[in-house]
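Visitor: Here it is: the structure, laid out below.
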Amino acid sequence: MPIFRRIANLFTRAALEREIQAELQSHIEMRTEDNLARGLSQEQARRDALLRFGNPVTTRERVVASDAALILANLWADLRYALRQLCKSPAFAVTTVLTLAIAIGANLAIFQLLYGVLFAPLPVAQPQQLYSIRAVPSPFDGKWFLSYPAYRRLRTATPDVPVFARSGDGMGVLQESSGTTSRISFQIVSDNFFRVLSLKPAAGRFFLDGDDDRPQSEWPVILRYGYARAHYGKTAAAVGAHAIYNSLPIVVIGVAPSNFEGIVPGQAPDLWFPLAAQSTGALSVAFDSLGPGYDVHLEKPYRSQPTIFWLNTLARADKRDKAAATAKWSAALAPDLSIRASEEHSPEAASRILHAQVSLVSAARGEGSLGEYYGTPLAVLMAMAVVVLLIGCLNLANLQMARLQRRQQEFATRIALGARRGRILAQVTTEAALLAFAGGVLAYFTARACTSLLLHWVSGRYEPLPIDTSMGPLAACVYVCCLLGAMAAFGVLPAWRMTHRSFAASLHTRSGASSLRSRRGSSVLLAAQVSFSLLLLSAAALFAQSLRSLARIDTGFDRDHVLSVRVDMENTGFADRQTDLPAFYDRLVSGISVLPGVRSVAVHMCGIPLCGWNTQIHAYGRESSEAALHGEEDRVSPGYFSALGIPLLDGRAFTEQDQKHTQPVAILSRSYARQLFGNESPVGHWIGYTAAPGDHEYLVVGEVADASFDGPGEPPPPSLFAPIAQRPASIHWIEVRSEGSTATLSSELRNALHNMAPDLPILEITPLNIELGDTLIRENLLARLTGAFGAMTLALAAIGFYGLLSFRVASRTSEIGVRMALGATRYQVRSLFLRQTLGILLTGMVPGAALACVAAWTARRLLHDSAATSFLALGLSSITLIGIGLLATLLPAHRAASVDPVRALRNE
């Protein structure tokens, strides 16, 4: 048939079918005449012709289907028919679309975040060639930092295998030529950083060879693409811009590519400095050192000090060069390992460090600990999202089977009239495809909204983490697979099962009547849904209870009545402008103390939570192997322990008499005191930062209770406190304890600070319990999402029980009428369906409880006090699920008990 004729047939379908019908009729007539000529009777001749050509309807459909162009017409007809059928079942259609949208959207959103955190490669050429160079962790922080001299030796050892370095991120204040100021982040990198990564600037140029050591009157910087576009409009306009950053004159020489935000997932520096800029002392970054007594001078440039570790080193190495390069780097680090081993008091530990070899860890997906922190929680949430999708598919499959069961008489009639089973399957599948398409479109937008919400939750109170959650090829594949799998589970499989059964009995039964076999099948599906629902509900209860326990745990200080004021005295040069820091601190404390509702005030150097200022203390009169212990150090003002509500257990607190010219003193936490002095009272003992004779420098005058400064659920760190007046330092926090609620104190406190020090940069004023809540981001994420999954699970369970029991009531109306006509009471009829629900619930809860116990044991590391809460969570979840199931059954059961037996029997 010519192609133009095929296309024309799309618009003349009715005429074409009439032609086929006429042609078929003519063939039947000719066959009948031939049979008459052979001597058959008129009836026999006609019967033989009809049997030869088969059912006219089926034959006509087969002829039409042979024309490929008419498949489109069939599809359009199926779509219109599917829309008419779905309009007759709006509740089912809406339930299906919303279930698919939420379930698939949640899977897609969590997968995109999981991929961005764990699996997304760096947007550079050949990222598989990037490796982090590791030898031994730094002494206090346990980071893989190296000193600048060590980095230079590594770079010199392998000229053909490039080595580059970066610092940790830091924060500073940018003052633009227009006078506006803003706080932005920075990173210090080697001069070959961008070159080794094979990046090309979006505008301008990158650093030049030698910038690592070259002093500058105006420091060259590279801007992040997003920052340059936001502040300058065009990247080219940013090049050549001049500004002041932390009192350093800077000039923008280039802009990074648009898709590059650094090599640490979750961190996006706004600008990059060359390594030489650290010598200015204006850029504060994370570091570690051997501590006092090991030629450490924090006030001097780090670049010349092999005992200060502050650089992460990386390399780009081909597989064939790795072994040789690793051996050269191990040899090059020998002097640094010797320095590092000198700090160890144990001969075994020193020997282990001296013989350490360089190892290479793939940096194809970047560095940092974001994957370690969020990887397991996101994997757990991904698994739970898949279970939610499975529950949704089971629920929809059950509803679809009940819906198709009601149409079985329609299908039987159509097949009896000549319709092919494949044709009916195609029409039912079209309905499922239409629902899947609508649910998929809505799922995409749901995923985008959920992704933004997830990024907000994982970022806490701060700006969303810079994680790429765009729809990549892998995410698109997951999206399509979820959509097709869901369509097959709730649409194609029930339709195939229905169209491949015998419809002989359906012509003689009332429409919608269900068999015992079909009821058992739907009960099994609903029981499976109950099992998975109990698993999700138990997980939600576990994570919620864990978060509640952490929020109520005793941290050792008053976190409900303390306001934390975070200030920036270093980056703005405020501390340098003060001639007498202790006197300034005294004025701050005195000025705040007179505010109404203020109970006590103190300033200190280290933040809560996660101080990060680690030190090593030597106890006088102890063996060197026992005397040196690591702990956290903070310098505080008098009244610090009163401001935080930390109990004084022994000795005295700091007073105004602890000044520079008096005996240096210290206070220890109980855990630190026990480690240093056993069960002896620490008061009166001497300590120091170095071994003898430096261990007789500070007199311990007090002991305080342990406090969980690193956050709820974390063990209290061994802590040393020193008077800030004796060892002046820039403060970062002011702690204000109120008599009552802190809600109304914030504005008065800000005004008072502005009046006393107008140019003191106040970064934020936050209740201490909120600051501590920042350490529970993972727990909040798990509790919120599992709670949302649990709520959705309950809704699906209610829909499943209501839909299934409503169908059974409708299909068994005549049976109910007979029962009531024979004397059954309304209570007995109502109990019949409630017992069915209870049986399904109990059947599904047995495997569900086993799955919940396995899940609780698997996720025990993410839970606080999981052993005490797992059985309670399982019990509460079981009671809730039983209650929801029975409540959802009450309305159909009441409807069954209200059946009029006379009307039911008359209708039958």
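Naming scheme: A, B, ... for chains in displayed order of the structure tokens; residues 1 onward per chain; ligands 1 onward as shown.
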Return as a tab-separated table the residues of stretch 340-370 of chain A lying at most 8 Å from stretch 123-146 of chain A, together with the closest atom-to-atom pair for each and the distance in Å to one decimal, counting only C-alpha atoms, with rows in chain order and ascending residue number.
Guide:
```
residue	atom	partner	partner_atom	distance
A:Arg340	CA	A:Pro139	CA	7.9
A:Ile353	CA	A:Val136	CA	6.8
A:Ala356	CA	A:Ala135	CA	6.4
A:Gln357	CA	A:Ala135	CA	6.0
A:Val358	CA	A:Ala135	CA	4.6
A:Ser359	CA	A:Arg134	CA	5.3
A:Leu360	CA	A:Ile133	CA	5.1
A:Val361	CA	A:Ser132	CA	5.1
A:Ser362	CA	A:Tyr131	CA	4.5
A:Ala363	CA	A:Tyr131	CA	4.7
A:Ala364	CA	A:Pro127	CA	4.6
A:Arg365	CA	A:Pro127	CA	7.5
A:Glu367	CA	A:Ser132	CA	7.7
```
Visitor: Quick one: residues within 6 Å of stretch 377-385 of chain A, only C-alpha atoms counted, chain neighbours fewer than 3 positions away excluded, as a PyMOL selection string?
Guide: chain A and resi 107+114+374+388
Visitor: I'd like to know which of A:Leu474, A:Val594, A:Ser531, A:Ser738 is closest to A:Ala849, using only C-alpha atoms.
Guide: A:Ser531
Visitor: Stretch 124-228 of chain A near stretch 262-266 of chain A within 10 Å: what's each residue's closest atom pair and its distance in Å to one decimal, counting only C-alpha atoms, ordered by chain then ascending residue number, as JSON lines?
Guide:
```
{"residue": "A:Val124", "atom": "CA", "partner": "A:Ile263", "partner_atom": "CA", "distance": 9.6}
{"residue": "A:Arg166", "atom": "CA", "partner": "A:Ile263", "partner_atom": "CA", "distance": 9.4}
{"residue": "A:Gly168", "atom": "CA", "partner": "A:Val264", "partner_atom": "CA", "distance": 9.3}
{"residue": "A:Asp169", "atom": "CA", "partner": "A:Val264", "partner_atom": "CA", "distance": 9.6}
{"residue": "A:Gln187", "atom": "CA", "partner": "A:Gly262", "partner_atom": "CA", "distance": 9.2}
{"residue": "A:Phe194", "atom": "CA", "partner": "A:Gly262", "partner_atom": "CA", "distance": 9.9}
{"residue": "A:Leu197", "atom": "CA", "partner": "A:Ile263", "partner_atom": "CA", "distance": 9.7}
{"residue": "A:Arg224", "atom": "CA", "partner": "A:Gly262", "partner_atom": "CA", "distance": 8.7}
```
Visitor: Looking at only C-alpha atoms, which of A:Arg577, A:Arg559, A:Ala705, A:Arg316 is the one that sits closest to A:Ala643?
Guide: A:Arg559
Visitor: Go through stretch 61-169 of chain A and collect every residue that DSSP, computed from the backbone, puts in strand (DSSP E or B); the answer should be as a PyMOL selection string.
Guide: chain A and resi 130-134+146+163-166
Visitor: To one decimal in Å, tell me the separation between atom CA of A:Arg819 and atom CA of A:Leu525.
Guide: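 Rounded to one decimal, the two atoms are 27.6 Å apart.
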Visitor: Mind giving me the straight-line distance from atom CA of A:Glu714 to atom CA of A:Ser452 in Å, one decimal?
Guide: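 Calculated distance between atom CA of A:Glu714 and atom CA of A:Ser452 is 29.5 Å.
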Visitor: Pick out the residues sitting within 12 Å of A:Asp580, and hand them over as a VMD selection string; count only C-alpha atoms, and ignore anything fewer than 3 positions along from it in its own chain.
Guide: chain A and resid 574 to 577 583 to 587 660 724 to 725 727 to 730
Visitor: Store the residues of this selection in a file with N, CA, C and O atoms, as a PDB file, in the first residue's frame.
Guide:
```pdb
ATOM      1  N   PHE A 574      40.104  43.958  64.273  1.00  0.00           N
ATOM      2  CA  PHE A 574      39.609  44.603  65.495  1.00  0.00           C
ATOM      3  C   PHE A 574      40.541  44.331  66.669  1.00  0.00           C
ATOM      4  O   PHE A 574      40.824  45.226  67.469  1.00  0.00           O
ATOM      5  N   ALA A 575      41.024  43.083  66.790  1.00  0.00           N
ATOM      6  CA  ALA A 575      41.901  42.747  67.916  1.00  0.00           C
ATOM      7  C   ALA A 575      43.204  43.537  67.863  1.00  0.00           C
ATOM      8  O   ALA A 575      43.744  43.943  68.902  1.00  0.00           O
ATOM      9  N   ASP A 576      43.716  43.778  66.662  1.00  0.00           N
ATOM     10  CA  ASP A 576      44.973  44.522  66.542  1.00  0.00           C
ATOM     11  C   ASP A 576      44.818  45.976  66.968  1.00  0.00           C
ATOM     12  O   ASP A 576      45.805  46.622  67.354  1.00  0.00           O
ATOM     13  N   ARG A 577      43.607  46.483  66.916  1.00  0.00           N
ATOM     14  CA  ARG A 577      43.384  47.890  67.279  1.00  0.00           C
ATOM     15  C   ARG A 577      43.184  48.079  68.779  1.00  0.00           C
ATOM     16  O   ARG A 577      43.059  49.217  69.248  1.00  0.00           O
ATOM     17  N   ALA A 583      41.377  44.277  79.379  1.00  0.00           N
ATOM     18  CA  ALA A 583      40.564  45.397  79.839  1.00  0.00           C
ATOM     19  C   ALA A 583      39.310  45.555  78.974  1.00  0.00           C
ATOM     20  O   ALA A 583      38.227  45.863  79.490  1.00  0.00           O
ATOM     21  N   PHE A 584      39.467  45.337  77.675  1.00  0.00           N
ATOM     22  CA  PHE A 584      38.308  45.426  76.787  1.00  0.00           C
ATOM     23  C   PHE A 584      37.289  44.343  77.132  1.00  0.00           C
ATOM     24  O   PHE A 584      36.083  44.588  77.160  1.00  0.00           O
ATOM     25  N   TYR A 585      37.779  43.136  77.414  1.00  0.00           N
ATOM     26  CA  TYR A 585      36.878  42.057  77.774  1.00  0.00           C
ATOM     27  C   TYR A 585      36.145  42.370  79.086  1.00  0.00           C
ATOM     28  O   TYR A 585      34.951  42.065  79.238  1.00  0.00           O
ATOM     29  N   ASP A 586      36.843  42.962  80.036  1.00  0.00           N
ATOM     30  CA  ASP A 586      36.199  43.337  81.299  1.00  0.00           C
ATOM     31  C   ASP A 586      35.079  44.337  81.065  1.00  0.00           C
ATOM     32  O   ASP A 586      34.005  44.252  81.688  1.00  0.00           O
ATOM     33  N   ARG A 587      35.308  45.284  80.143  1.00  0.00           N
ATOM     34  CA  ARG A 587      34.257  46.273  79.843  1.00  0.00           C
ATOM     35  C   ARG A 587      33.054  45.608  79.189  1.00  0.00           C
ATOM     36  O   ARG A 587      31.904  45.951  79.491  1.00  0.00           O
ATOM     37  N   LYS A 660      48.336  38.713  84.334  1.00  0.00           N
ATOM     38  CA  LYS A 660      49.608  38.354  83.715  1.00  0.00           C
ATOM     39  C   LYS A 660      50.744  38.240  84.721  1.00  0.00           C
ATOM     40  O   LYS A 660      51.618  37.384  84.607  1.00  0.00           O
ATOM     41  N   ILE A 724      41.946  33.983  80.424  1.00  0.00           N
ATOM     42  CA  ILE A 724      42.296  34.729  79.224  1.00  0.00           C
ATOM     43  C   ILE A 724      43.076  35.990  79.559  1.00  0.00           C
ATOM     44  O   ILE A 724      43.799  36.529  78.713  1.00  0.00           O
ATOM     45  N   ALA A 725      42.988  36.459  80.798  1.00  0.00           N
ATOM     46  CA  ALA A 725      43.769  37.632  81.201  1.00  0.00           C
ATOM     47  C   ALA A 725      45.255  37.287  81.319  1.00  0.00           C
ATOM     48  O   ALA A 725      46.114  38.150  81.092  1.00  0.00           O
ATOM     49  N   ARG A 727      46.756  34.860  79.510  1.00  0.00           N
ATOM     50  CA  ARG A 727      47.236  34.543  78.161  1.00  0.00           C
ATOM     51  C   ARG A 727      46.259  35.153  77.156  1.00  0.00           C
ATOM     52  O   ARG A 727      45.402  34.474  76.597  1.00  0.00           O
ATOM     53  N   PRO A 728      46.355  36.471  76.935  1.00  0.00           N
ATOM     54  CA  PRO A 728      45.375  37.163  76.078  1.00  0.00           C
ATOM     55  C   PRO A 728      45.328  36.566  74.671  1.00  0.00           C
ATOM     56  O   PRO A 728      46.348  36.214  74.083  1.00  0.00           O
ATOM     57  N   ALA A 729      44.128  36.470  74.152  1.00  0.00           N
ATOM     58  CA  ALA A 729      43.892  35.983  72.793  1.00  0.00           C
ATOM     59  C   ALA A 729      42.584  36.577  72.302  1.00  0.00           C
ATOM     60  O   ALA A 729      41.757  37.059  73.086  1.00  0.00           O
ATOM     61  N   SER A 730      42.411  36.564  70.998  1.00  0.00           N
ATOM     62  CA  SER A 730      41.159  37.059  70.418  1.00  0.00           C
ATOM     63  C   SER A 730      40.021  36.115  70.793  1.00  0.00           C
ATOM     64  O   SER A 730      40.142  34.898  70.649  1.00  0.00           O
TER      65      SER A 730
END
```
Visitor: Quick check, in Å to one decimal: how far apart do atom CA of A:Arg214 and atom CA of A:Ala315 lie?
Guide: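 For atom CA of A:Arg214 relative to atom CA of A:Ala315, the distance reads 22.6 Å.
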Visitor: Which is closest to A:Gly116 among A:Ser564, A:Ser351, A:Thr451, A:Ser182, if we use only C-alpha atoms?
Guide: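 For A:Gly116, the nearest of the given residues is A:Thr451.
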Visitor: Run DSSP on the backbone and tell me which residues of stretch 207-411 of chain A come out as alpha helix (DSSP H); list them as a VMD selection string.
Guide: chain A and resid 225 to 232 235 to 238 319 to 332 334 to 341 347 to 354 370 to 406 408 to 411
Visitor: Can you tell me, as a list in words, what residues are no more than 10 Å from A:Pro335 when counting only C-alpha atoms, ignoring any on the same chain fewer than 4 positions away?
Guide: Pro149, Ala150, Arg153, Pro306, Ala331, Ile339, Arg340, Ala341 and Leu354 of chain A
Visitor: Could those residues be written to a file, using N, CA and C atoms, as a JSON list (two decimals), in the first residue's frame?
Guide:
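Generated file (result37.json):
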```json
[["chain", "number", "residue", "atom", "x", "y", "z"],
["A", 149, "PRO", "N", 57.38, 22.74, 53.96],
["A", 149, "PRO", "CA", 58.63, 22.12, 53.52],
["A", 149, "PRO", "C", 58.43, 20.69, 53.01],
["A", 150, "ALA", "N", 57.54, 19.92, 53.63],
["A", 150, "ALA", "CA", 57.27, 18.56, 53.15],
["A", 150, "ALA", "C", 56.65, 18.60, 51.76],
["A", 153, "ARG", "N", 59.30, 19.20, 49.18],
["A", 153, "ARG", "CA", 60.12, 18.02, 48.92],
["A", 153, "ARG", "C", 59.38, 17.02, 48.04],
["A", 306, "PRO", "N", 58.64, 23.29, 59.66],
["A", 306, "PRO", "CA", 58.29, 21.89, 59.38],
["A", 306, "PRO", "C", 57.44, 21.25, 60.47],
["A", 331, "ALA", "N", 60.59, 8.33, 50.35],
["A", 331, "ALA", "CA", 61.96, 8.73, 50.68],
["A", 331, "ALA", "C", 62.05, 10.23, 50.95],
["A", 339, "ILE", "N", 60.79, 14.11, 62.28],
["A", 339, "ILE", "CA", 60.30, 15.18, 63.16],
["A", 339, "ILE", "C", 59.00, 14.76, 63.82],
["A", 340, "ARG", "N", 58.14, 14.13, 63.04],
["A", 340, "ARG", "CA", 56.85, 13.70, 63.59],
["A", 340, "ARG", "C", 57.04, 12.64, 64.67],
["A", 341, "ALA", "N", 58.00, 11.72, 64.48],
["A", 341, "ALA", "CA", 58.23, 10.65, 65.45],
["A", 341, "ALA", "C", 58.83, 11.17, 66.74],
["A", 354, "LEU", "N", 58.29, 6.26, 61.76],
["A", 354, "LEU", "CA", 59.54, 6.32, 61.00],
["A", 354, "LEU", "C", 59.51, 5.40, 59.79]]
```
Visitor: Taking only C-alpha atoms into account, name the residue in A:Leu455, A:Ile799, A:Ala416, A:Val480 that is nearest to A:Arg778.
Guide: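 Once distances to A:Arg778 are computed over only C-alpha atoms, the minimum belongs to A:Leu455.
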Visitor: Give me the residues within 9 Å of A:Tyr672 as a list in words, counting only C-alpha atoms and dropping any in the same chain fewer than 6 places off.
Guide: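 Contacts, in chain order: Leu629, His630, Gly631, Asp706, Pro717, Pro718, Ser719 and Leu720 of chain A.
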Visitor: Residues at most 8 Å from stretch 695-698 of chain A, counting only C-alpha atoms, excluding those fewer than 3 positions away in the same chain, as JSON, numbers by chain?
Guide: {"A": [617, 618, 619, 620, 663, 664, 665, 666, 686, 687, 688, 689, 690, 691, 692]}
Visitor: Looking at only C-alpha atoms, which of A:Phe801, A:Phe193, A:Phe543, A:Tyr373 is the one that sits closest to A:Ser523?
Guide: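 That would be A:Phe801, the residue with the smallest distance to A:Ser523.
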Visitor: Just want the 12 Å neighbourhood of A:Val530, counted on only C-alpha atoms, with same-chain residues fewer than 2 positions away dropped. Output as an MDAnalysis selection string.
Guide: chainID A and resid 387:388 390:392 394:395 523:528 532:538 793:798 800:801 837:849 851:852 877:878 880:882 884:885
Visitor: Could you please take those selected residues and save C-alpha atoms as an mmCIF file, in the first residue's frame?
Guide:
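Once written, result-v5.cif looks like this:
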```cif
data_model
loop_
_atom_site.group_PDB
_atom_site.id
_atom_site.type_symbol
_atom_site.label_atom_id
_atom_site.label_comp_id
_atom_site.auth_asym_id
_atom_site.auth_seq_id
_atom_site.Cartn_x
_atom_site.Cartn_y
_atom_site.Cartn_z
ATOM 1 C CA VAL A 387 10.607 0.476 50.171
ATOM 2 C CA VAL A 388 8.122 3.361 49.970
ATOM 3 C CA LEU A 390 7.462 -0.842 46.675
ATOM 4 C CA ILE A 391 4.663 -0.232 49.173
ATOM 5 C CA GLY A 392 3.038 2.186 46.764
ATOM 6 C CA LEU A 394 1.739 -3.084 46.085
ATOM 7 C CA ASN A 395 -1.064 -0.780 47.147
ATOM 8 C CA SER A 523 -4.876 -10.483 50.955
ATOM 9 C CA VAL A 524 -1.306 -11.637 50.289
ATOM 10 C CA LEU A 525 -0.466 -8.344 48.570
ATOM 11 C CA LEU A 526 -1.969 -6.342 51.417
ATOM 12 C CA ALA A 527 -0.117 -8.455 54.005
ATOM 13 C CA ALA A 528 3.152 -7.769 52.161
ATOM 14 C CA PHE A 532 7.024 -3.229 54.683
ATOM 15 C CA SER A 533 4.867 -0.589 56.354
ATOM 16 C CA LEU A 534 5.803 -1.925 59.784
ATOM 17 C CA LEU A 535 9.470 -1.802 58.768
ATOM 18 C CA LEU A 536 9.226 1.883 57.800
ATOM 19 C CA LEU A 537 7.127 2.866 60.791
ATOM 20 C CA SER A 538 9.557 1.183 63.182
ATOM 21 C CA THR A 793 3.072 4.585 54.675
ATOM 22 C CA LEU A 794 0.135 5.038 57.043
ATOM 23 C CA ALA A 795 -1.821 6.870 54.375
ATOM 24 C CA LEU A 796 -1.156 4.091 51.867
ATOM 25 C CA ALA A 797 -2.133 1.454 54.415
ATOM 26 C CA ALA A 798 -5.398 3.256 55.103
ATOM 27 C CA GLY A 800 -5.232 -0.104 50.844
ATOM 28 C CA PHE A 801 -7.506 -1.449 53.553
ATOM 29 C CA THR A 837 -8.491 -6.941 58.406
ATOM 30 C CA LEU A 838 -7.031 -8.126 61.687
ATOM 31 C CA GLY A 839 -5.964 -11.408 60.095
ATOM 32 C CA ILE A 840 -4.196 -9.606 57.258
ATOM 33 C CA LEU A 841 -2.515 -7.270 59.744
ATOM 34 C CA LEU A 842 -1.233 -10.063 61.969
ATOM 35 C CA THR A 843 -0.076 -12.103 58.979
ATOM 36 C CA GLY A 844 1.948 -9.198 57.650
ATOM 37 C CA MET A 845 3.359 -8.145 61.013
ATOM 38 C CA VAL A 846 5.257 -11.361 61.666
ATOM 39 C CA PRO A 847 7.750 -10.917 58.791
ATOM 40 C CA GLY A 848 7.539 -7.138 59.251
ATOM 41 C CA ALA A 849 8.718 -7.422 62.853
ATOM 42 C CA LEU A 851 12.596 -7.050 59.080
ATOM 43 C CA ALA A 852 12.331 -4.211 61.611
ATOM 44 C CA SER A 877 4.444 1.055 65.306
ATOM 45 C CA SER A 878 2.473 -2.189 65.475
ATOM 46 C CA THR A 880 -0.470 2.390 65.215
ATOM 47 C CA LEU A 881 -0.642 0.221 62.109
ATOM 48 C CA ILE A 882 -3.358 -1.992 63.621
ATOM 49 C CA ILE A 884 -5.080 2.618 61.129
ATOM 50 C CA GLY A 885 -6.072 -0.652 59.462
#
```
